[in-house]
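What follows is a single structure, written as structure tokens, with notes after it.
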Amino acid sequence: MKTAKEESSQVSSVTSAPQAEPAALPGADGAPVVELRGVSKTYPGGDVAAVDNMDLNIQEGEFFSILGSSGSGKTTTLRMIAGFEQPTKGNVLLDGIDATGVPPYRRDVNTVFQNYALFPHMKVEANVAYPLKMAGTPKGEIKPRVAEALERVSMTGFEKRLPHQLSGGQRQRVALARALIGRPRLLLLDEPLGALDLKLRENMLLVLKHLQREVGITFIYVTHDQGEALAMSDRLAVMNGGYVEQLASPTEIYDRPATSFVAGFIGKSNLLECSCTSGDKAQAGTMPLVLGEAPGEEKFTLSIRPETIVVGEDSRGLPNHYEAVVGDVLFLGHEREVMVDCGDQRLVVRAGQQIYSPGDPIEFGWSPDKAVIVKATGSWQQQQQSQDA
Ligand code: ADP
Ligand code: MG
């Protein structure tokens, strides 16, 4: 439990930007709302970079997510955009203008954290009104804007409650209303649903997505939850150990993972270590393979999603077709996941409602265009850079 003092000290950093005023920084037309150019951050005493040579562009009105496991550098990235941390290398540009040295309160950016950070002693209406008050907004204007902000998050009628009289989801909606009331140009959300249970999270995801569409504000949403990131985002960056492994749309990330890390982190994937034998032919251990195109390298990793593998007789006409033995079966409710042993390779396939038992013969196959060549983890960006250089 956080003490009231801790909570309110966090609030002051959250709401310090006087967003009721016009943008603090005049923007260059057509420039991305946020641009990171070669941004690295090494904390004092840290020997590895928390964020390593990050490049990204976020466009106006985008719902952009940063997805990665704990410690991958997501919060550090957000804090550099908000101005709470300075990069050790590289530049953060806001609306095309270098934000180096611009303090957080002069950036037209607001942040929502995981733990609500509402003032515990203030009623809902006072919490939501706070940023406008700080910005010196005329009194007559504040009341209707508070009402509008609460309506947007479906919290009309809760004006007189104190935070402790609300549920977690309600508190988080009030925090959202407060973050949006000043109409910031950019809203940063750092795992804002992390403290909520699953059902509430799903509900809040819809609230957030609708809200973002309605207000048209650029959102940067940080999460370790791949489902959230895929469902919500226009584009997302997948981070791993301070690196951006891939930056693309959800479908592209799912269908064409750039690295073995992305292939394994997002959904499930069969990763086969292959050697090219000739042209578009290769070998993964004892398994011969036909590829969609010549791989361009002698050794490479192939990613094949279980759900793209055809199981049973329908697989017979496919260029990659195998007869194998069932190793294990996992019952997942809506379907069965089957581990198949094919020569010296083990793959995961989805068998739908088909019943298999360990030891059963099984045939399966895939079309060459369903298999994606992925780069080794972490090196993807470095290779891009050496190509650019
Ligand atoms: P995430 O939000 O993805 O969990 P963070 O950005 O918080 O990751 O952390 C990235 C790395 O930087 C971690 O190894 C973490 O321990 C380290 N780190 C974060 N904040 C600090 C700090 N203030 N001082 C030193 N190291 C830090
Ligand atoms: Mg974090």
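Identifiers in the structure tokens: chain A, B, ... in order shown; residue index from 1 per chain; ligand index from 1 in order shown.
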
Hey, which bits of chain A sit within 8 Å of ligand 1, and for each residue what's the closest pair of atoms and how far apart in Å (one decimal), counting only C-alpha atoms and all ligand atoms, rows by chain and increasing number, as CSV?
```
residue,atom,partner,partner_atom_place_in_ligand_line,distance
A:Thr42,CA,ligand 1,12 (O),7.7
A:Tyr43,CA,ligand 1,25 (C),4.9
A:Pro44,CA,ligand 1,25 (C),6.6
A:Gly45,CA,ligand 1,25 (C),7.3
A:Gly46,CA,ligand 1,25 (C),6.2
A:Ala49,CA,ligand 1,12 (O),7.3
A:Ala50,CA,ligand 1,12 (O),4.2
A:Val51,CA,ligand 1,10 (C),7.0
A:Gly68,CA,ligand 1,3 (O),6.1
A:Ser69,CA,ligand 1,3 (O),6.0
A:Ser70,CA,ligand 1,4 (O),3.6
A:Gly71,CA,ligand 1,8 (O),3.5
A:Ser72,CA,ligand 1,3 (O),3.9
A:Gly73,CA,ligand 1,6 (O),3.3
A:Lys74,CA,ligand 1,3 (O),3.7
A:Thr75,CA,ligand 1,2 (O),3.6
A:Thr76,CA,ligand 1,6 (O),3.7
A:Thr77,CA,ligand 1,6 (O),6.4
A:Asp190,CA,ligand 1,2 (O),8.0
A:Val222,CA,ligand 1,2 (O),8.0
A:His224,CA,ligand 1,3 (O),7.8
A:Met239,CA,ligand 1,3 (O),7.9
A:Gly241,CA,ligand 1,10 (C),7.6
A:Gly242,CA,ligand 1,10 (C),6.9
```

Got a sec: who's within 9 Å of A:Ile309, counting only C-alpha atoms, leaving out chain neighbours fewer than 2 positions off, as a VMD selection string?
chain A and resid 304 to 307 311 315 348 to 350 364 to 367 370

DSSP says alpha helix (DSSP H) for which residues of stretch 11-248 of chain A? Put them as an NGL selection string?
:A and (11-14 or 74-82 or 124-134 or 139-152 or 168-181 or 198-215 or 226-232)

So, with only C-alpha atoms and all ligand atoms as the atoms that count, which of A:Glu191, A:Glu245, A:Glu273, A:Glu228 lies closest to ligand 2?
A:Glu191

Hey, which of A:Asp234, A:Glu151, A:Asp55, A:Glu323 ends up closest to A:Asn91? Count only C-alpha atoms.
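Smallest separation from A:Asn91 among the options: A:Asp55.
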